[in-house]
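Visitor: For reference, this is model.txt, and it has compact mmCIF, C-alpha atoms.
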# COMPACT_ATOMS: atom_id res chain seq x y z
CA MET A 13 189.94 74.63 286.16
CA LYS A 14 190.86 71.11 285.11
CA ASN A 15 187.20 70.04 285.33
CA ILE A 16 186.16 72.96 283.14
CA PHE A 17 188.65 71.92 280.44
CA LEU A 18 187.38 68.34 280.62
CA LEU A 19 183.79 69.56 280.22
CA LEU A 20 184.71 71.75 277.24
CA PHE A 21 186.56 68.83 275.63
CA ALA A 22 183.55 66.55 276.13
CA CYS A 23 181.18 69.12 274.59
CA LEU A 24 183.54 69.57 271.63
CA ALA A 25 183.74 65.81 271.10
CA ILE A 26 179.94 65.53 271.13
CA THR A 27 179.65 68.40 268.62
CA ILE A 28 182.19 66.82 266.27
CA GLN A 29 180.46 63.47 266.53
CA ALA A 30 177.12 65.08 265.69
CA GLN A 31 178.64 66.79 262.66
CA LYS A 32 179.97 63.45 261.46
CA SER A 33 176.68 61.61 261.94
CA THR A 34 175.69 59.43 259.01
CA GLU A 35 173.34 60.85 256.40
CA PHE A 36 171.01 58.50 254.58
CA VAL A 37 169.97 59.79 251.18
CA GLU A 38 167.62 58.47 248.53
CA VAL A 39 167.67 60.07 245.08
CA THR A 40 165.51 59.44 242.03
CA TYR A 41 167.38 60.11 238.77
CA GLU A 42 166.29 60.23 235.15
CA LEU A 43 168.71 58.90 232.55
CA ARG A 44 168.44 60.26 229.03
CA MET A 45 170.26 58.99 225.95
CA ASP A 46 170.64 60.67 222.56
CA MET A 47 172.12 58.84 219.60
CA ASP A 48 172.01 58.97 215.81
CA ALA A 49 169.12 56.88 214.49
CA GLU A 50 170.80 55.95 211.21
CA THR A 51 173.92 54.71 213.01
CA VAL A 52 171.75 52.50 215.22
CA ILE A 53 169.83 51.15 212.22
CA GLN A 54 173.03 50.30 210.37
CA SER A 55 174.14 48.15 213.33
CA ILE A 56 171.10 45.88 212.86
CA PRO A 57 171.38 42.87 210.48
CA GLN A 58 170.13 43.93 207.07
CA GLN A 59 167.32 41.38 206.93
CA TYR A 60 165.63 43.03 209.95
CA ARG A 61 166.22 46.72 209.23
CA ALA A 62 163.08 47.40 207.20
CA GLN A 63 160.92 45.94 209.99
CA VAL A 64 162.32 48.10 212.78
CA ALA A 65 163.74 51.25 211.15
CA ASP A 66 160.64 53.42 211.59
CA GLN A 67 160.15 52.30 215.20
CA ILE A 68 163.76 53.14 216.06
CA ARG A 69 163.59 56.57 214.40
CA GLN A 70 160.41 57.40 216.34
CA GLU A 71 161.79 56.15 219.66
CA LEU A 72 164.97 58.19 219.31
CA ALA A 73 162.98 61.25 218.24
CA ASP A 74 160.85 60.90 221.40
CA GLY A 75 163.95 60.38 223.56
CA ILE A 76 165.10 57.43 225.65
CA LYS A 77 164.35 57.91 229.36
CA ILE A 78 164.86 55.48 232.25
CA ASN A 79 164.53 56.19 235.98
CA TYR A 80 166.95 54.96 238.66
CA ILE A 81 167.07 55.17 242.45
CA LEU A 82 170.28 55.72 244.43
CA LYS A 83 170.32 54.74 248.11
CA THR A 84 173.49 55.78 249.94
CA ASN A 85 174.88 56.20 253.44
CA GLY A 86 178.19 57.70 252.34
CA GLN A 87 180.10 54.44 252.85
CA GLU A 88 178.20 52.15 250.50
CA SER A 89 175.31 52.53 248.11
CA THR A 90 173.00 50.86 245.62
CA TYR A 91 171.84 52.23 242.28
CA GLU A 92 168.97 50.42 240.62
CA MET A 93 166.69 50.85 237.65
CA VAL A 94 163.00 51.52 238.28
CA GLU A 95 161.28 48.82 236.25
CA LYS A 96 157.63 49.61 236.98
CA ILE A 97 155.87 51.36 234.14
CA SER A 98 152.56 53.06 234.94
CA ASN A 99 149.54 52.96 232.64
CA ALA A 100 149.92 56.71 232.09
CA GLN A 101 153.37 56.29 230.52
CA SER A 102 153.97 55.68 226.83
CA PRO A 103 154.81 52.12 225.72
CA VAL A 104 158.49 51.27 226.11
CA GLY A 105 160.37 51.31 222.82
CA MET A 106 162.62 48.63 221.37
CA ILE A 107 165.94 50.21 222.40
CA THR A 108 164.65 51.06 225.88
CA GLN A 109 163.40 47.49 226.34
CA GLN A 110 166.81 46.14 225.37
CA MET A 111 168.60 48.48 227.76
CA MET A 112 166.25 47.65 230.62
CA SER A 113 166.62 43.90 230.07
CA GLN A 114 170.43 44.20 230.19
CA ASP A 115 170.56 46.51 233.21
CA LYS A 116 168.49 44.51 235.68
CA GLY A 117 170.06 44.07 239.07
CA VAL A 118 171.51 46.53 241.54
CA PHE A 119 174.81 48.37 241.05
CA TYR A 120 176.59 48.32 244.44
CA LYS A 121 179.41 50.66 245.46
CA ASP A 122 181.82 50.27 248.37
CA LEU A 123 183.13 53.82 248.65
CA LYS A 124 185.70 53.00 251.35
CA GLU A 125 187.30 50.28 249.24
CA GLY A 126 186.68 52.02 245.90
CA THR A 127 185.07 48.91 244.37
CA PHE A 128 181.75 47.92 242.83
CA LEU A 129 179.59 44.83 242.32
CA LYS A 130 177.08 44.35 239.50
CA PRO A 131 175.04 41.17 238.93
CA TYR A 132 173.88 40.06 235.48
CA ASP A 133 171.61 37.29 234.24
CA ILE A 134 172.58 36.48 230.66
CA MET A 135 170.61 33.76 228.88
CA GLY A 136 170.05 31.92 232.14
CA SER A 137 173.66 32.24 233.35
CA LYS A 138 174.35 34.41 236.40
CA TYR A 139 177.41 36.65 236.66
CA LEU A 140 178.75 38.96 239.34
CA VAL A 141 181.15 41.62 238.09
CA LYS A 142 183.55 42.90 240.75
CA ASP A 143 186.07 45.60 239.93
CA LYS A 144 187.54 48.94 240.95
CA LEU A 145 185.51 52.12 240.59
CA PRO A 146 186.81 54.60 237.99
CA GLU A 147 189.43 56.97 239.39
CA TYR A 148 188.19 60.37 238.26
CA THR A 149 190.39 63.42 238.03
CA TRP A 150 187.99 66.24 238.96
CA GLU A 151 188.39 69.98 238.45
CA ILE A 152 185.75 72.06 240.25
CA THR A 153 184.55 75.18 238.43
CA ARG A 154 182.75 78.33 239.64
CA GLU A 155 179.52 77.48 237.79
CA ASN A 156 176.36 76.88 239.85
CA GLU A 157 173.03 75.26 238.97
CA GLU A 158 169.85 74.57 240.92
CA ILE A 159 168.95 70.86 240.74
CA ALA A 160 166.14 69.15 242.69
CA GLY A 161 166.04 72.03 245.19
CA PHE A 162 169.81 72.13 245.85
CA THR A 163 172.49 74.55 244.73
CA THR A 164 175.17 72.55 242.92
CA ARG A 165 178.70 73.23 241.68
CA LYS A 166 179.90 72.05 238.29
CA ALA A 167 183.02 69.89 237.97
CA MET A 168 184.87 68.59 234.94
CA GLY A 169 186.24 65.07 235.19
CA GLN A 170 188.12 62.45 233.26
CA TYR A 171 189.07 58.80 233.71
CA ASN A 172 191.09 56.27 231.71
CA ASP A 173 192.48 59.31 229.82
CA THR A 174 189.69 58.80 227.28
CA ILE A 175 186.25 59.45 228.79
CA SER A 176 185.29 62.95 229.89
CA ALA A 177 182.49 63.73 232.31
CA ARG A 178 180.67 66.78 233.60
CA ALA A 179 179.10 66.60 237.04
CA TRP A 180 177.09 68.89 239.31
CA PHE A 181 177.39 68.16 243.05
CA ALA A 182 175.59 69.50 246.13
CA PRO A 183 178.12 70.67 248.76
CA LYS A 184 175.40 70.64 251.45
CA ILE A 185 175.08 66.86 251.10
CA THR A 186 178.55 65.78 252.19
CA ILE A 187 178.49 62.34 250.58
CA LYS A 188 181.08 61.57 247.90
CA ASP A 189 178.67 59.46 245.87
CA GLY A 190 176.62 59.79 242.71
CA PRO A 191 174.65 57.93 240.03
CA ASP A 192 176.07 54.74 238.55
CA ARG A 193 179.90 54.82 238.56
CA THR A 194 180.30 58.54 239.37
CA TRP A 195 181.78 59.50 242.73
CA GLY A 196 184.66 61.30 244.45
CA LEU A 197 183.46 64.93 244.64
CA PRO A 198 182.98 66.80 247.98
CA GLY A 199 179.21 66.47 247.78
CA LEU A 200 176.54 64.22 246.31
CA ILE A 201 176.46 64.29 242.49
CA LEU A 202 172.97 65.27 241.31
CA LYS A 203 173.72 65.47 237.61
CA ALA A 204 176.27 63.84 235.32
CA GLU A 205 176.87 64.00 231.57
CA PHE A 206 179.01 61.83 229.32
CA ASN A 207 179.66 61.24 225.64
CA THR A 208 180.89 57.79 224.70
CA ASN A 209 180.98 56.07 221.30
CA GLY A 210 178.85 58.82 219.80
CA VAL A 211 176.13 58.52 222.46
CA ASP A 212 175.21 61.48 224.69
CA ILE A 213 174.19 60.37 228.19
CA SER A 214 172.80 62.58 230.96
CA VAL A 215 171.62 61.53 234.43
CA THR A 216 169.73 64.17 236.45
CA ALA A 217 168.18 64.05 239.92
CA LEU A 218 164.41 64.49 239.95
CA SER A 219 164.03 64.31 243.74
CA VAL A 220 166.30 64.07 246.79
CA ALA A 221 165.24 62.75 250.21
CA VAL A 222 167.66 63.15 253.14
CA LYS A 223 166.54 60.75 255.87
CA ASN A 224 167.30 60.28 259.56
CA GLU A 225 166.33 56.63 259.64
CA GLU A 226 168.81 54.06 258.36
CA ILE A 227 168.59 52.95 254.74
CA LYS A 228 169.45 49.26 254.47
CA ILE A 229 172.08 48.60 251.81
CA THR A 230 171.99 45.05 250.45
CA LYS A 231 175.20 43.74 248.90
CA PRO A 232 174.61 41.56 245.82
CA ALA A 233 176.04 38.02 245.81
CA GLY A 234 176.02 34.85 243.74
CA GLY A 235 176.93 34.05 240.16
CA LYS A 236 180.21 33.61 238.32
CA GLN A 237 182.54 36.36 239.57
CA LEU A 238 184.53 38.19 236.91
CA SER A 239 186.35 41.48 236.43
CA GLN A 240 184.73 44.02 234.09
CA GLU A 241 187.25 43.23 231.34
CA ALA A 242 186.77 39.45 231.62
CA PHE A 243 182.97 39.86 231.63
CA GLU A 244 183.04 41.99 228.48
CA LYS A 245 185.23 39.40 226.70
CA GLU A 246 182.80 36.63 227.64
CA MET A 247 179.85 38.71 226.40
CA LEU A 248 181.59 39.29 223.06
CA GLU A 249 182.01 35.55 222.66
CA ILE A 250 178.32 35.00 223.37
CA GLN A 251 177.38 37.77 220.90
CA LYS A 252 179.59 36.20 218.23
CA LYS A 253 177.87 32.84 218.66
CA ILE A 254 174.43 34.46 218.41
CA GLN A 255 175.45 36.31 215.23
CA GLU A 256 176.69 33.07 213.70
CA MET A 257 173.36 31.42 214.53
CA MET A 258 171.55 34.34 212.86
CA GLY A 259 173.51 33.81 209.67
CA GLY A 260 176.72 35.76 209.63
CA GLY A 261 176.24 38.72 212.00
CA VAL A 262 175.92 42.40 211.13
CA ASP A 263 175.69 43.43 207.49
CA THR A 264 177.18 46.90 207.12
CA GLU A 265 176.07 47.51 203.54
How does this structure look as structure tokens?
Guide:
Amino acid sequence: MKNIFLLLFACLAITIQAQKSTEFVEVTYELRMDMDAETVIQSIPQQYRAQVADQIRQELADGIKINYILKTNGQESTYEMVEKISNAQSPVGMITQQMMSQDKGVFYKDLKEGTFLKPYDIMGSKYLVKDKLPEYTWEITRENEEIAGFTTRKAMGQYNDTISARAWFAPKITIKDGPDRTWGLPGLILKAEFNTNGVDISVTALSVAVKNEEIKITKPAGGKQLSQEAFEKEMLEIQKKIQEMMGGGVDTE
């Protein structure tokens, strides 16, 4: 009888271990941004507005779209912009070019520690931002939506008491990860929506590949290490110097 119990215990342990086996997932997302063209134009120094106003209006009318790839094993992940543009795609607009130039480099998450790393190369100077991931307060709703072949549940979230988010996660993919800084739901986030500073942002999965073979996660390194707040302060100082060189900065008239 004792041997039978030992055998049952061993079988149970193997089953539990199999259920906890690591999933490796690769997701392609499309980021879309909507913003008011006239507000964007007014933020440009007056001497340049006439040259770029029509281009900006057309680009925003067409819609800003950038693809990203998330690679995750449930413990750590990378999220990186897809830079390659095929000949079949339309030329990249001015705003999209600016966004892509500023968002080069992988965004790395350590889900166990709740931290992230993000490298930047600004005017020849390298930075490595290291900080805590946002602590979302999520409320799961009863709403469902099919995304990239998976049934997802909608959740409402908030962090810093100021920024609200909507997310759709796939319970069948038991990884508490998602695009960019989103995470913390009981399933992989396949869609997220935000509104910040008058800009509507949505990130939606186009394809999901669950793999058996290991996905190698490379942790970024090198550069001047700063917190997010310290990095933003340094960037403001650089922006101020550039505006002074351009002759007084932004003209709001």
Visitor: Could you list, as a ChimeraX atom specification, every residue within 10 Å of range 128-135 of chain A, counting only C-alpha atoms and ignoring same-chain residues fewer than 2 positions away?
Guide: /A:88-91,113-123,125-126,137-146,192-193,231-240,243,247,250
Visitor: Between CA of Thr149 in chain A and CA of Lys203 in chain A, what is the distance in Å, rounded to a tenth?
Guide: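 Taking CA of Thr149 in chain A and CA of Lys203 in chain A, their separation equals 16.8 Å.
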Visitor: Ranking A:Glu42, A:Glu205, A:Glu35, A:Glu256 by minimum distance to Ala160 in chain A and counting all atoms listed in the file, which one comes first?
Guide: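 Closest candidate: A:Glu42.
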Visitor: Between CA of Phe206 in chain A and CA of Phe181 in chain A, what is the distance, to one decimal in Å?
Guide: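 Distance reported for this atom pair: 15.2 Å.
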Visitor: Figure out the distance between CA of Asn85 in chain A and CA of Lys228 in chain A, please, to one decimal in Å.
Guide: 8.9 Å
Visitor: In terms of the shortest atom-to-atom distance over all atoms listed in the file, which of A:Gln170, A:Gln255, A:Ser214, A:Ser219 is closest to Met47 in chain A?
Guide: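 Among the listed residues, the smallest separation from Met47 in chain A belongs to A:Ser214.
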Visitor: Between A:Met106, A:Gly75, A:Lys124, A:Gly199, which residue has the minimum interatomic distance to Gln63 in chain A, considering all atoms listed in the file?
Guide: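 Nearest to Gln63 in chain A: A:Met106.
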Visitor: I'd like to know which of A:Ile78, A:Leu218, A:Glu241, A:Gln70 is closest to Ile159 in chain A, using only C-alpha atoms.
Guide: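 Going through A:Ile78, A:Leu218, A:Glu241, A:Gln70 one by one, the smallest distance to Ile159 in chain A is for A:Leu218.
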Visitor: Could you tell me, as a list in words, which residues have any atom at most 9 Å from (172.6, 57.9, 219.9), counting only C-alpha atoms?
Guide: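 Looking at atoms near the point gives Met45, Asp46, Met47, Asp48, Ala49, Thr51, Val52, Leu72, Asn209, Gly210, Val211, Asp212 and Ile213 of chain A.
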Visitor: Which residues are close to Thr186 in chain A, i.e. within 12 Å by all atoms listed in the file, leaving aside same-chain residues fewer than 5 positions away? Reply as a ChimeraX atom specification.
Guide: /A:31-37,84-87,164,181,195-201,222
Visitor: Just write the chosen residues, C-alpha atoms, as a PDB file, in the coordinates of the input.
Guide:
ATOM      1  CA  GLN A  31     178.640  66.790 262.660  1.00  0.00           C
ATOM      2  CA  LYS A  32     179.970  63.450 261.460  1.00  0.00           C
ATOM      3  CA  SER A  33     176.680  61.610 261.940  1.00  0.00           C
ATOM      4  CA  THR A  34     175.690  59.430 259.010  1.00  0.00           C
ATOM      5  CA  GLU A  35     173.340  60.850 256.400  1.00  0.00           C
ATOM      6  CA  PHE A  36     171.010  58.500 254.580  1.00  0.00           C
ATOM      7  CA  VAL A  37     169.970  59.790 251.180  1.00  0.00           C
ATOM      8  CA  THR A  84     173.490  55.780 249.940  1.00  0.00           C
ATOM      9  CA  ASN A  85     174.880  56.200 253.440  1.00  0.00           C
ATOM     10  CA  GLY A  86     178.190  57.700 252.340  1.00  0.00           C
ATOM     11  CA  GLN A  87     180.100  54.440 252.850  1.00  0.00           C
ATOM     12  CA  THR A 164     175.170  72.550 242.920  1.00  0.00           C
ATOM     13  CA  PHE A 181     177.390  68.160 243.050  1.00  0.00           C
ATOM     14  CA  TRP A 195     181.780  59.500 242.730  1.00  0.00           C
ATOM     15  CA  GLY A 196     184.660  61.300 244.450  1.00  0.00           C
ATOM     16  CA  LEU A 197     183.460  64.930 244.640  1.00  0.00           C
ATOM     17  CA  PRO A 198     182.980  66.800 247.980  1.00  0.00           C
ATOM     18  CA  GLY A 199     179.210  66.470 247.780  1.00  0.00           C
ATOM     19  CA  LEU A 200     176.540  64.220 246.310  1.00  0.00           C
ATOM     20  CA  ILE A 201     176.460  64.290 242.490  1.00  0.00           C
ATOM     21  CA  VAL A 222     167.660  63.150 253.140  1.00  0.00           C
TER      22      VAL A 222
END
